Amino acid sequence: MKELIDKVMGWPVVAHALSANDRYNKRLGPQFAAAVTYFTVLSMVPILMFAFAVLGLTLTVLRPDLMDQVTTMIVDQLGDEGMGKTIGDFIKETLSGWRGVFGVGLLTAAYSGSNWVGNLKRAVRVMWADKFSDATAKKNFFLELITNLAIFLGLLLAVFIGVVVAQGGHGLSETIIGWLGWEDVPGIGLFWRLITIALTFVVSWLLMAFLFVV
C-alpha cells in the first residue's frame with residue numbers, strides 16, 4: 001500500500017499539486033487570503049456609496065423621467081397610493097443628496113480600492129517570487145498608491161470586458177453569423193461558442209497577468 005501511495009505521489013501532476021500546496025502554506029497563503037477577503041468586504045462600503053451617488057445622478061439629473069417610473073412602480077407594488085407616495089418622496093429626497101455622497105464615495109473608493117489591489121497584488125506575487133522578501137517590498141507610499149490605483153482601474157476595465165465577452169458573446173455571435181450569411185453552415189453555432197469561451201479565457205488570463213506586469 002505504501003509503495004502504491006509513493007508511486008501515485010511521484011506522478012508529475014500529483015507531485016506538482018503537492019508542491020504547490022506546500023509552497024502556498026509556507027508563503028502564508030491562508031493569511032494573505034484572509035487579508036484579501038477582509039479588504040474586499042471593507043472596500044464594498046465606499047463602492048456602494050459611489051454606486052448610490054451614480055444612481056442618484058442618473059435618476060435626478062441625467063434621466064429624471066426614470067424617477068417617475070420608479071415611484072409609479074412602487075405605488076403599484078404596494079397597492080397603497082398614500083404609502084407609495086410617502087416612500088417615493090423619501091427616495092427622491094435621499095437620491096437628491098448624491099452630490100455629497102459622490103465626493104466622499106469616490107475618494108474613499110479610490111483609496112480603499114488602491115489598498116485592496118496592493119494586498120491582492122502582493123498576495124499573488126508572493127506565491128511566484130523566487131524570494132519572499134522580493135514580493136513584499138514596498139515602494140514610496142504615494143508612488144505605491146498611484147500605481148495601485150492604476151492597477152485597480154485596469155482590473156475594473158478587464159473585469160468589465162470579461163463580463164461583456166461572456167454575456168454578450170452569444171448575441172454578438174448570432175449577429176456576426178447573420179452578417180456573414182453563415183446561418184446554414186453546419187456546426188457554426190458550436191464554433192462561435194468555443195470562440196466565446198476562448199476569448200473569456202484570454203481576458204481572464206490577462207486579468208491575472210496584469211497583476212504581474214504593472
# chains A, B, ... in the order shown; residues from 1 in each chain; ligands from 1

call {"tool": "residues_around", "arguments": {"residues": "Ile47 of chain A", "least_positions_apart": "2", "cutoff": "12 Å", "atoms": "only C-alpha atoms", "output": "list of chain:residue names"}}
result
A:Thr40, A:Val41, A:Leu42, A:Ser43, A:Met44, A:Val45, A:Met49, A:Phe50, A:Ala51, A:Phe52, A:Ala53, A:Val54, A:Val101, A:Phe102, A:Gly103, A:Val104, A:Gly105, A:Leu106, A:Leu107, A:Thr108, A:Ala109, A:Ala110, A:Tyr111, A:Ser112, A:Gly113

call {"tool": "residues_around", "arguments": {"residues": "Gly88 of chain A", "least_positions_apart": "3", "cutoff": "12 Å", "atoms": "only C-alpha atoms", "output": "short mmCIF file (atom, residue, chain, number, x, y, z; two decimals) with C-alpha atoms, in the first residue's frame"}}
result
data_model
loop_
_atom_site.label_atom_id
_atom_site.label_comp_id
_atom_site.auth_asym_id
_atom_site.auth_seq_id
_atom_site.Cartn_x
_atom_site.Cartn_y
_atom_site.Cartn_z
CA MET A 67 -37.63 58.51 -11.36
CA ASP A 68 -41.32 58.82 -12.19
CA GLN A 69 -41.31 55.25 -13.45
CA VAL A 70 -39.67 54.07 -10.22
CA THR A 71 -42.19 55.84 -7.99
CA THR A 72 -45.09 54.59 -10.12
CA MET A 73 -43.77 51.05 -9.84
CA ILE A 74 -43.51 51.42 -6.04
CA VAL A 75 -47.11 52.60 -5.80
CA ASP A 76 -48.28 49.72 -7.99
CA GLN A 77 -46.38 47.16 -5.95
CA LEU A 78 -47.59 48.46 -2.58
CA ASP A 80 -51.46 51.87 -1.34
CA GLU A 81 -51.19 55.23 -3.06
CA GLY A 82 -50.58 57.17 0.17
CA MET A 83 -47.79 54.92 1.40
CA GLY A 84 -46.34 54.65 -2.09
CA LYS A 85 -46.21 58.45 -2.41
CA ILE A 91 -36.46 58.05 -2.22
CA LYS A 92 -36.41 61.29 -4.24
CA GLU A 93 -35.15 63.27 -1.25
CA THR A 94 -32.50 60.68 -0.47
CA LEU A 95 -31.23 60.42 -4.04
#

call {"tool": "closest_residue", "arguments": {"among": "A:Val163, A:Leu145, A:Val203, A:Met127", "to": "Arg23 of chain A", "atoms": "only C-alpha atoms"}}
result
A:Met127

call {"tool": "select_by_dssp", "arguments": {"residues": "segment 17-187 of chain A", "states": "alpha helix (DSSP H)", "output": "VMD selection string"}}
result
chain A and resid 17 to 26 29 to 57 64 to 78 81 to 95 98 to 128 132 to 136 141 to 180

call {"tool": "residues_around", "arguments": {"residues": "segment 141-144 of chain A", "least_positions_apart": "2", "cutoff": "12 Å", "atoms": "only C-alpha atoms", "output": "JSON, numbers by chain"}}
result
{"A": [111, 114, 115, 117, 118, 119, 121, 122, 137, 138, 139, 146, 147, 148, 149, 150, 151, 152, 214]}

call {"tool": "closest_residue", "arguments": {"among": "A:Pro12, A:Ala198, A:Gly178, A:Val126", "to": "Ala33 of chain A", "atoms": "only C-alpha atoms"}}
result
A:Val126
